[in-house]
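Okay, structure first, notes after.
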Amino acid sequence: INWHLEPISNLVVPNKHWSQIAFLDAAQAGDKKIIWELNRHSYFTTLGRAYWKTEDEFYAQVFVEHINSWIDANPPKLGINWASSLEVAFRAISWLWALHFFRDSSHLTSQLFLRLLKSLYLHGRHLETYLSTYFSPNTHLTGEALGLFYLGTVLSDLRCASRWQNLGLSILLSQLNQQVRSDGVYFEQSSYYHRYTTDFYTHLLILLRENDADIPPQIEEKLK
């Protein structure tokens, strides 16, 4: 898989430092969302569910091949797949779910797990360093915060876990009143972003419940 190919424009984005990539310039990146959609790895959950239902190691093998290919092709900080912190967050969440689904597979070796853990750590460090506080401080910021909360919750043995978890939660709580109006409508007044935000806070609520954490009342109130 060419993880940097935009197939509609037939453009391959150079693998240079993410800050030097003008991903909003179609002449350089084509439609970057097409590239990013693949690199979110949301299909890992499809492979994972197939593995759970069939116990066929083929699905785990595909996951392993793709994850190794991605890490090889996307060194830390290099390429378009590090250019958007929201995409970094979505990918981290997909990887965490993959670890959940494939945890009993013989293909998930200790060496691969360590490699994944190192990369997830770098995903978390990138997120907390480059939050969209001043650029797209809407679903970008809340999605990144959710990624941090996921990482801090699932990888709780890391020394930085509580910092990520607390930072993610504080952002998500502080943004509730700013992004969800008193009538329950999302402030950008877009039905899709309304759904997007509902998804983020539903994930947060479930993670808090599953870990027997205190649930701030405003989360359920705003979701309702």
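If you're wondering about the labels, chains in the structure tokens are A, B, ... by order shown, residues count from 1 in each chain, ligands from 1 in order shown.
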- Per DSSP on the backbone, filter segment 19-143 of chain A down to the residues in alpha helix (DSSP H) and report them as a PyMOL selection string. chain A and resi 26-29+32-39+43-54+57-73+85-101+110-129+139-143
Contacts of Leu173 of chain A at 12 Å or less, counting only C-alpha atoms, minus same-chain residues fewer than 3 places along, as a PDB file with N, CA, C and O atoms, in the first residue's frame?
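As a result, around_22.pdb now contains:
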ATOM      1  N   LEU A 141     -10.272  19.847  17.773  1.00  0.00           N
ATOM      2  CA  LEU A 141      -9.775  19.896  19.148  1.00  0.00           C
ATOM      3  C   LEU A 141     -10.411  18.814  20.012  1.00  0.00           C
ATOM      4  O   LEU A 141      -9.713  18.121  20.772  1.00  0.00           O
ATOM      5  N   THR A 142     -11.720  18.631  19.915  1.00  0.00           N
ATOM      6  CA  THR A 142     -12.381  17.621  20.749  1.00  0.00           C
ATOM      7  C   THR A 142     -12.007  16.208  20.309  1.00  0.00           C
ATOM      8  O   THR A 142     -11.866  15.311  21.145  1.00  0.00           O
ATOM      9  N   ALA A 145      -8.620  15.558  21.737  1.00  0.00           N
ATOM     10  CA  ALA A 145      -8.749  15.325  23.182  1.00  0.00           C
ATOM     11  C   ALA A 145      -9.264  13.910  23.455  1.00  0.00           C
ATOM     12  O   ALA A 145      -8.809  13.248  24.400  1.00  0.00           O
ATOM     13  N   LEU A 146     -10.205  13.452  22.641  1.00  0.00           N
ATOM     14  CA  LEU A 146     -10.708  12.087  22.801  1.00  0.00           C
ATOM     15  C   LEU A 146      -9.593  11.071  22.564  1.00  0.00           C
ATOM     16  O   LEU A 146      -9.475  10.091  23.300  1.00  0.00           O
ATOM     17  N   PHE A 149      -7.521  10.976  25.617  1.00  0.00           N
ATOM     18  CA  PHE A 149      -8.215  10.289  26.702  1.00  0.00           C
ATOM     19  C   PHE A 149      -8.195   8.779  26.472  1.00  0.00           C
ATOM     20  O   PHE A 149      -7.994   8.005  27.419  1.00  0.00           O
ATOM     21  N   ASN A 166      -6.022  13.225  31.806  1.00  0.00           N
ATOM     22  CA  ASN A 166      -6.518  14.457  32.430  1.00  0.00           C
ATOM     23  C   ASN A 166      -6.623  15.597  31.426  1.00  0.00           C
ATOM     24  O   ASN A 166      -7.591  16.369  31.459  1.00  0.00           O
ATOM     25  N   LEU A 167      -5.639  15.704  30.542  1.00  0.00           N
ATOM     26  CA  LEU A 167      -5.665  16.763  29.533  1.00  0.00           C
ATOM     27  C   LEU A 167      -6.835  16.554  28.576  1.00  0.00           C
ATOM     28  O   LEU A 167      -7.581  17.492  28.271  1.00  0.00           O
ATOM     29  N   GLY A 168      -6.999  15.322  28.115  1.00  0.00           N
ATOM     30  CA  GLY A 168      -8.102  15.027  27.203  1.00  0.00           C
ATOM     31  C   GLY A 168      -9.447  15.315  27.824  1.00  0.00           C
ATOM     32  O   GLY A 168     -10.318  15.953  27.203  1.00  0.00           O
ATOM     33  N   LEU A 169      -9.626  14.886  29.058  1.00  0.00           N
ATOM     34  CA  LEU A 169     -10.902  15.097  29.742  1.00  0.00           C
ATOM     35  C   LEU A 169     -11.162  16.580  29.986  1.00  0.00           C
ATOM     36  O   LEU A 169     -12.285  17.061  29.785  1.00  0.00           O
ATOM     37  N   SER A 170     -10.138  17.315  30.404  1.00  0.00           N
ATOM     38  CA  SER A 170     -10.330  18.739  30.697  1.00  0.00           C
ATOM     39  C   SER A 170     -10.733  19.510  29.441  1.00  0.00           C
ATOM     40  O   SER A 170     -11.581  20.415  29.503  1.00  0.00           O
ATOM     41  N   LEU A 176     -17.562  21.689  26.083  1.00  0.00           N
ATOM     42  CA  LEU A 176     -18.983  21.347  26.023  1.00  0.00           C
ATOM     43  C   LEU A 176     -19.870  22.581  25.898  1.00  0.00           C
ATOM     44  O   LEU A 176     -20.725  22.668  25.007  1.00  0.00           O
ATOM     45  N   ASN A 177     -19.687  23.528  26.783  1.00  0.00           N
ATOM     46  CA  ASN A 177     -20.541  24.717  26.761  1.00  0.00           C
ATOM     47  C   ASN A 177     -20.252  25.618  25.566  1.00  0.00           C
ATOM     48  O   ASN A 177     -21.144  26.357  25.114  1.00  0.00           O
ATOM     49  N   GLN A 178     -19.027  25.564  25.057  1.00  0.00           N
ATOM     50  CA  GLN A 178     -18.688  26.387  23.903  1.00  0.00           C
ATOM     51  C   GLN A 178     -19.239  25.795  22.606  1.00  0.00           C
ATOM     52  O   GLN A 178     -19.667  26.527  21.713  1.00  0.00           O
ATOM     53  N   GLN A 179     -19.221  24.485  22.505  1.00  0.00           N
ATOM     54  CA  GLN A 179     -19.561  23.845  21.231  1.00  0.00           C
ATOM     55  C   GLN A 179     -20.992  23.314  21.171  1.00  0.00           C
ATOM     56  O   GLN A 179     -21.514  23.082  20.079  1.00  0.00           O
ATOM     57  N   VAL A 180     -21.625  23.113  22.313  1.00  0.00           N
ATOM     58  CA  VAL A 180     -23.017  22.641  22.324  1.00  0.00           C
ATOM     59  C   VAL A 180     -23.869  23.726  22.961  1.00  0.00           C
ATOM     60  O   VAL A 180     -23.711  24.053  24.132  1.00  0.00           O
ATOM     61  N   PHE A 200     -18.163  11.652  19.676  1.00  0.00           N
ATOM     62  CA  PHE A 200     -17.008  11.858  20.552  1.00  0.00           C
ATOM     63  C   PHE A 200     -17.407  11.725  22.024  1.00  0.00           C
ATOM     64  O   PHE A 200     -16.745  11.026  22.807  1.00  0.00           O
ATOM     65  N   TYR A 201     -18.475  12.408  22.395  1.00  0.00           N
ATOM     66  CA  TYR A 201     -18.853  12.420  23.810  1.00  0.00           C
ATOM     67  C   TYR A 201     -19.513  11.118  24.245  1.00  0.00           C
ATOM     68  O   TYR A 201     -19.482  10.781  25.428  1.00  0.00           O
ATOM     69  N   LEU A 204     -16.541   9.026  25.094  1.00  0.00           N
ATOM     70  CA  LEU A 204     -16.035   9.467  26.399  1.00  0.00           C
ATOM     71  C   LEU A 204     -16.885   8.895  27.525  1.00  0.00           C
ATOM     72  O   LEU A 204     -16.357   8.362  28.516  1.00  0.00           O
ATOM     73  N   LEU A 205     -18.199   8.988  27.400  1.00  0.00           N
ATOM     74  CA  LEU A 205     -19.101   8.503  28.439  1.00  0.00           C
ATOM     75  C   LEU A 205     -18.919   7.005  28.671  1.00  0.00           C
ATOM     76  O   LEU A 205     -18.845   6.547  29.820  1.00  0.00           O
ATOM     77  N   ILE A 215     -18.391  10.486  36.608  1.00  0.00           N
ATOM     78  CA  ILE A 215     -18.892  11.066  35.361  1.00  0.00           C
ATOM     79  C   ILE A 215     -19.445  12.456  35.643  1.00  0.00           C
ATOM     80  O   ILE A 215     -20.457  12.591  36.339  1.00  0.00           O
ATOM     81  N   PRO A 216     -18.769  13.482  35.142  1.00  0.00           N
ATOM     82  CA  PRO A 216     -19.300  14.834  35.332  1.00  0.00           C
ATOM     83  C   PRO A 216     -20.715  14.934  34.753  1.00  0.00           C
ATOM     84  O   PRO A 216     -20.952  14.492  33.617  1.00  0.00           O
ATOM     85  N   PRO A 217     -21.662  15.471  35.499  1.00  0.00           N
ATOM     86  CA  PRO A 217     -23.072  15.468  35.059  1.00  0.00           C
ATOM     87  C   PRO A 217     -23.316  16.187  33.743  1.00  0.00           C
ATOM     88  O   PRO A 217     -24.264  15.855  33.025  1.00  0.00           O
ATOM     89  N   GLN A 218     -22.460  17.168  33.405  1.00  0.00           N
ATOM     90  CA  GLN A 218     -22.724  17.925  32.178  1.00  0.00           C
ATOM     91  C   GLN A 218     -22.567  17.081  30.920  1.00  0.00           C
ATOM     92  O   GLN A 218     -23.117  17.414  29.862  1.00  0.00           O
ATOM     93  N   ILE A 219     -21.823  15.965  31.002  1.00  0.00           N
ATOM     94  CA  ILE A 219     -21.653  15.124  29.810  1.00  0.00           C
ATOM     95  C   ILE A 219     -22.976  14.494  29.404  1.00  0.00           C
ATOM     96  O   ILE A 219     -23.426  14.623  28.252  1.00  0.00           O
ATOM     97  N   GLU A 220     -23.634  13.835  30.350  1.00  0.00           N
ATOM     98  CA  GLU A 220     -24.918  13.213  30.034  1.00  0.00           C
ATOM     99  C   GLU A 220     -25.976  14.262  29.709  1.00  0.00           C
ATOM    100  O   GLU A 220     -26.822  14.065  28.836  1.00  0.00           O
ATOM    101  N   GLU A 221     -25.918  15.384  30.423  1.00  0.00           N
ATOM    102  CA  GLU A 221     -26.890  16.449  30.194  1.00  0.00           C
ATOM    103  C   GLU A 221     -26.786  16.970  28.750  1.00  0.00           C
ATOM    104  O   GLU A 221     -27.810  17.109  28.052  1.00  0.00           O
ATOM    105  N   LYS A 222     -25.566  17.232  28.308  1.00  0.00           N
ATOM    106  CA  LYS A 222     -25.376  17.764  26.951  1.00  0.00           C
ATOM    107  C   LYS A 222     -25.709  16.705  25.894  1.00  0.00           C
ATOM    108  O   LYS A 222     -26.242  17.020  24.828  1.00  0.00           O
TER     109      LYS A 222
END
- Item | Nearby residues (only C-alpha atoms) at most 10 Å from Tyr59 of chain A, same-chain spacing under 3 positions excluded, as a ChimeraX atom specification | /A:44,46-52,54-56,62-64,102,105,107
- Please provide as a PyMOL selection string all residues within 12 Å of Ala22 of chain A, with the sequence filter that same-chain residues fewer than 4 positions apart are discarded (counting only C-alpha atoms). chain A and resi 13-14+16-18+26-32+79-80+83-84
Deliver the residues from the most recent selection as a file, using all heavy atoms, as a CSV table (one decimal), in the first residue's frame.
chain,number,residue,atom,x,y,z
A,13,VAL,N,2.4,12.4,-2.1
A,13,VAL,CA,2.9,13.5,-1.3
A,13,VAL,C,4.2,13.1,-0.8
A,13,VAL,O,4.4,12.0,-0.2
A,13,VAL,CB,1.9,13.8,-0.1
A,13,VAL,CG1,2.4,15.0,0.7
A,13,VAL,CG2,0.5,14.0,-0.6
A,14,PRO,N,5.2,14.0,-0.9
A,14,PRO,CA,6.6,13.7,-0.5
A,14,PRO,C,6.7,13.4,1.0
A,14,PRO,O,5.9,14.0,1.8
A,14,PRO,CB,7.4,15.0,-0.8
A,14,PRO,CG,6.5,15.7,-1.8
A,14,PRO,CD,5.1,15.3,-1.5
A,16,LYS,N,8.3,14.4,3.6
A,16,LYS,CA,9.2,15.3,4.3
A,16,LYS,C,8.5,15.7,5.6
A,16,LYS,O,7.4,15.3,5.9
A,16,LYS,CB,9.4,16.6,3.4
A,16,LYS,CG,8.1,17.3,2.9
A,16,LYS,CD,8.5,18.4,1.9
A,16,LYS,CE,7.2,19.0,1.4
A,16,LYS,NZ,7.5,20.1,0.4
A,17,HIS,N,9.1,16.6,6.4
A,17,HIS,CA,8.6,16.9,7.7
A,17,HIS,C,7.2,17.5,7.5
A,17,HIS,O,6.9,18.3,6.7
A,17,HIS,CB,9.5,18.0,8.4
A,17,HIS,CG,9.2,18.1,9.9
A,17,HIS,ND1,8.2,19.0,10.3
A,17,HIS,CD2,9.6,17.5,11.0
A,17,HIS,CE1,8.1,19.0,11.6
A,17,HIS,NE2,9.0,18.1,12.0
A,18,TRP,N,6.3,17.0,8.4
A,18,TRP,CA,4.9,17.3,8.3
A,18,TRP,C,4.6,18.9,8.2
A,18,TRP,O,3.7,19.3,7.5
A,18,TRP,CB,4.1,16.7,9.4
A,18,TRP,CG,4.4,17.3,10.8
A,18,TRP,CD1,5.3,16.9,11.7
A,18,TRP,CD2,3.7,18.4,11.4
A,18,TRP,NE1,5.3,17.6,12.8
A,18,TRP,CE2,4.3,18.6,12.6
A,18,TRP,CE3,2.7,19.3,10.9
A,18,TRP,CZ2,3.9,19.7,13.5
A,18,TRP,CZ3,2.4,20.4,11.8
A,18,TRP,CH2,3.0,20.5,13.1
A,26,ALA,N,-4.1,21.8,-3.3
A,26,ALA,CA,-4.5,20.6,-4.1
A,26,ALA,C,-3.4,20.2,-5.1
A,26,ALA,O,-3.3,19.1,-5.5
A,26,ALA,CB,-5.8,20.9,-4.8
A,27,ALA,N,-2.6,21.2,-5.5
A,27,ALA,CA,-1.5,20.9,-6.4
A,27,ALA,C,-0.5,20.1,-5.8
A,27,ALA,O,0.3,19.3,-6.5
A,27,ALA,CB,-0.9,22.2,-6.9
A,28,GLN,N,-0.3,20.1,-4.4
A,28,GLN,CA,0.7,19.3,-3.7
A,28,GLN,C,0.1,18.0,-3.2
A,28,GLN,O,0.8,17.0,-3.2
A,28,GLN,CB,1.3,20.2,-2.6
A,28,GLN,CG,2.1,21.3,-3.0
A,28,GLN,CD,2.9,21.9,-1.9
A,28,GLN,OE1,3.4,21.2,-1.0
A,28,GLN,NE2,3.1,23.2,-1.9
A,29,ALA,N,-1.1,18.1,-2.7
A,29,ALA,CA,-1.7,16.9,-2.0
A,29,ALA,C,-2.9,16.4,-2.6
A,29,ALA,O,-3.5,15.4,-2.1
A,29,ALA,CB,-1.9,17.3,-0.5
A,30,GLY,N,-3.5,17.0,-3.7
A,30,GLY,CA,-4.7,16.5,-4.2
A,30,GLY,C,-5.8,16.7,-3.1
A,30,GLY,O,-5.8,17.7,-2.4
A,31,ASP,N,-6.7,15.8,-3.0
A,31,ASP,CA,-7.7,15.8,-2.0
A,31,ASP,C,-7.2,15.0,-0.8
A,31,ASP,O,-7.2,13.8,-0.7
A,31,ASP,CB,-9.0,15.2,-2.4
A,31,ASP,CG,-10.1,15.3,-1.4
A,31,ASP,OD1,-9.8,15.7,-0.2
A,31,ASP,OD2,-11.3,15.0,-1.7
A,32,LYS,N,-6.6,15.7,0.2
A,32,LYS,CA,-5.9,15.1,1.3
A,32,LYS,C,-6.8,14.2,2.1
A,32,LYS,O,-6.4,13.2,2.7
A,32,LYS,CB,-5.2,16.1,2.2
A,32,LYS,CG,-6.0,16.9,3.2
A,32,LYS,CD,-6.8,18.0,2.6
A,32,LYS,CE,-7.6,18.8,3.6
A,32,LYS,NZ,-8.5,19.8,2.9
A,79,GLY,N,5.8,13.2,6.7
A,79,GLY,CA,4.7,12.9,5.8
A,79,GLY,C,3.4,13.5,6.2
A,79,GLY,O,3.2,13.9,7.3
A,80,ILE,N,2.5,13.4,5.2
A,80,ILE,CA,1.2,14.0,5.4
A,80,ILE,C,0.4,13.4,6.5
A,80,ILE,O,-0.6,14.0,7.0
A,80,ILE,CB,0.4,14.0,4.0
A,80,ILE,CG1,-0.8,14.9,4.1
A,80,ILE,CG2,0.1,12.5,3.6
A,80,ILE,CD1,-1.5,15.1,2.8
A,83,ALA,N,0.5,15.4,9.6
A,83,ALA,CA,0.2,16.8,9.4
A,83,ALA,C,-1.1,17.3,10.1
A,83,ALA,O,-1.2,18.5,10.4
A,83,ALA,CB,0.1,17.1,7.9
A,84,SER,N,-2.0,16.4,10.4
A,84,SER,CA,-3.2,16.7,11.1
A,84,SER,C,-3.3,16.0,12.4
A,84,SER,O,-3.4,14.7,12.4
A,84,SER,CB,-4.5,16.4,10.2
A,84,SER,OG,-5.6,16.5,11.0
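Each of A:Leu117, A:Leu223, A:Ile206, A:Leu148 was checked against Ser182 of chain A using only C-alpha atoms; the smallest atom-to-atom distance is that of A:Leu223.
Counting only C-alpha atoms, the residue from A:Ala161, A:Ala213, A:Ile1, A:Ala92 that sits nearest to Ser69 of chain A is A:Ile1.
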- Query: Do you know which residues are at most 8 Å from Asn81 of chain A counting only C-alpha atoms, after dropping those on the same chain fewer than 6 positions away, and could you put them as a list in words?
  - Reply: His4, Trp18, Trp36, Asn39, Asn74, Glu87 and Val88 of chain A
Selected residues written out, all heavy atoms, as an mmCIF file, in the first residue's frame:
data_model
loop_
_atom_site.group_PDB
_atom_site.id
_atom_site.type_symbol
_atom_site.label_atom_id
_atom_site.label_comp_id
_atom_site.auth_asym_id
_atom_site.auth_seq_id
_atom_site.Cartn_x
_atom_site.Cartn_y
_atom_site.Cartn_z
ATOM 1 N N HIS A 4 0.830 7.290 0.958
ATOM 2 C CA HIS A 4 0.910 8.721 0.650
ATOM 3 C C HIS A 4 0.301 9.058 -0.711
ATOM 4 O O HIS A 4 0.427 10.188 -1.175
ATOM 5 C CB HIS A 4 2.373 9.182 0.671
ATOM 6 C CG HIS A 4 3.097 8.787 1.919
ATOM 7 N ND1 HIS A 4 4.033 7.772 1.955
ATOM 8 C CD2 HIS A 4 2.988 9.237 3.200
ATOM 9 C CE1 HIS A 4 4.485 7.626 3.195
ATOM 10 N NE2 HIS A 4 3.862 8.498 3.962
ATOM 11 N N TRP A 18 6.294 17.027 8.417
ATOM 12 C CA TRP A 18 4.873 17.346 8.269
ATOM 13 C C TRP A 18 4.615 18.855 8.201
ATOM 14 O O TRP A 18 3.685 19.309 7.523
ATOM 15 C CB TRP A 18 4.077 16.725 9.418
ATOM 16 C CG TRP A 18 4.358 17.305 10.769
ATOM 17 C CD1 TRP A 18 5.264 16.865 11.682
ATOM 18 C CD2 TRP A 18 3.731 18.447 11.359
ATOM 19 N NE1 TRP A 18 5.260 17.646 12.809
ATOM 20 C CE2 TRP A 18 4.317 18.636 12.632
ATOM 21 C CE3 TRP A 18 2.732 19.325 10.946
ATOM 22 C CZ2 TRP A 18 3.934 19.658 13.495
ATOM 23 C CZ3 TRP A 18 2.355 20.361 11.800
ATOM 24 C CH2 TRP A 18 2.952 20.515 13.054
ATOM 25 N N TRP A 36 -6.118 10.624 3.985
ATOM 26 C CA TRP A 36 -6.325 10.496 5.427
ATOM 27 C C TRP A 36 -7.358 9.429 5.765
ATOM 28 O O TRP A 36 -7.236 8.751 6.788
ATOM 29 C CB TRP A 36 -6.725 11.849 6.010
ATOM 30 C CG TRP A 36 -5.579 12.808 6.111
ATOM 31 C CD1 TRP A 36 -4.248 12.503 6.073
ATOM 32 C CD2 TRP A 36 -5.658 14.228 6.288
ATOM 33 N NE1 TRP A 36 -3.494 13.646 6.203
ATOM 34 C CE2 TRP A 36 -4.324 14.717 6.346
ATOM 35 C CE3 TRP A 36 -6.702 15.127 6.415
ATOM 36 C CZ2 TRP A 36 -4.022 16.065 6.522
ATOM 37 C CZ3 TRP A 36 -6.416 16.479 6.585
ATOM 38 C CH2 TRP A 36 -5.087 16.947 6.640
ATOM 39 N N ASN A 39 -5.616 6.235 5.998
ATOM 40 C CA ASN A 39 -4.632 6.217 7.082
ATOM 41 C C ASN A 39 -5.252 6.329 8.471
ATOM 42 O O ASN A 39 -4.542 6.251 9.467
ATOM 43 C CB ASN A 39 -3.609 7.330 6.868
ATOM 44 C CG ASN A 39 -2.628 6.994 5.758
ATOM 45 O OD1 ASN A 39 -1.607 6.365 5.994
ATOM 46 N ND2 ASN A 39 -2.947 7.403 4.534
ATOM 47 N N ASN A 74 5.965 5.554 7.427
ATOM 48 C CA ASN A 74 5.620 6.831 8.071
ATOM 49 C C ASN A 74 6.461 7.046 9.325
ATOM 50 O O ASN A 74 5.943 6.991 10.442
ATOM 51 C CB ASN A 74 4.131 6.844 8.425
ATOM 52 C CG ASN A 74 3.233 6.827 7.209
ATOM 53 O OD1 ASN A 74 2.894 7.865 6.653
ATOM 54 N ND2 ASN A 74 2.842 5.626 6.783
ATOM 55 N N GLU A 87 -6.163 13.475 12.620
ATOM 56 C CA GLU A 87 -5.922 12.189 11.968
ATOM 57 C C GLU A 87 -5.034 11.299 12.838
ATOM 58 O O GLU A 87 -5.224 10.078 12.888
ATOM 59 C CB GLU A 87 -5.284 12.409 10.597
ATOM 60 C CG GLU A 87 -6.119 13.241 9.645
ATOM 61 C CD GLU A 87 -7.511 12.675 9.420
ATOM 62 O OE1 GLU A 87 -7.643 11.445 9.256
ATOM 63 O OE2 GLU A 87 -8.472 13.462 9.411
ATOM 64 N N VAL A 88 -4.092 11.889 13.513
ATOM 65 C CA VAL A 88 -3.249 11.140 14.452
ATOM 66 C C VAL A 88 -4.116 10.519 15.549
ATOM 67 O O VAL A 88 -3.941 9.357 15.930
ATOM 68 C CB VAL A 88 -2.159 12.052 15.059
ATOM 69 C CG1 VAL A 88 -1.387 11.338 16.163
ATOM 70 C CG2 VAL A 88 -1.197 12.532 13.967
#
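Among the candidates A:Tyr196, A:Phe90, A:Phe101, A:Trp164, the residue lying nearest to Arg125 of chain A is A:Trp164 (atoms considered: only C-alpha atoms).
Taking atom CA of Gln165 of chain A and atom CA of Tyr134 of chain A as the two end points, the separation is 21.0 Å.
Across the structure, atom CA of Ser136 of chain A and atom CA of Ser174 of chain A are spaced 15.7 Å apart.
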- Excluding Arg103 of chain A and any residue of its chain fewer than 4 positions from it, enumerate the residues within 10 Å of it, using only C-alpha atoms, and give them as a PyMOL selection string. chain A and resi 48+60+97-99+107-109+113
- Query: So how many Å separate atom CA of Leu172 of chain A and atom CA of Leu78 of chain A, to one decimal?
  - Reply: 28.2 Å
Quick one: which segment 14-131 of chain A residues come within 9 Å of segment 151-154 of chain A, and what is the nearest atom pair for each with the distance in Å to one decimal, counting only C-alpha atoms, rows ordered by chain and ascending number, as a Markdown table?
| residue | atom | partner | partner_atom | distance |
| --- | --- | --- | --- | --- |
| A:Ala92 | CA | A:Leu151 | CA | 7.5 |
| A:Ile93 | CA | A:Leu151 | CA | 7.6 |
| A:Leu96 | CA | A:Val154 | CA | 7.5 |
| A:Leu120 | CA | A:Leu151 | CA | 7.8 |
| A:Tyr121 | CA | A:Leu151 | CA | 8.4 |
| A:Gly124 | CA | A:Leu151 | CA | 6.9 |
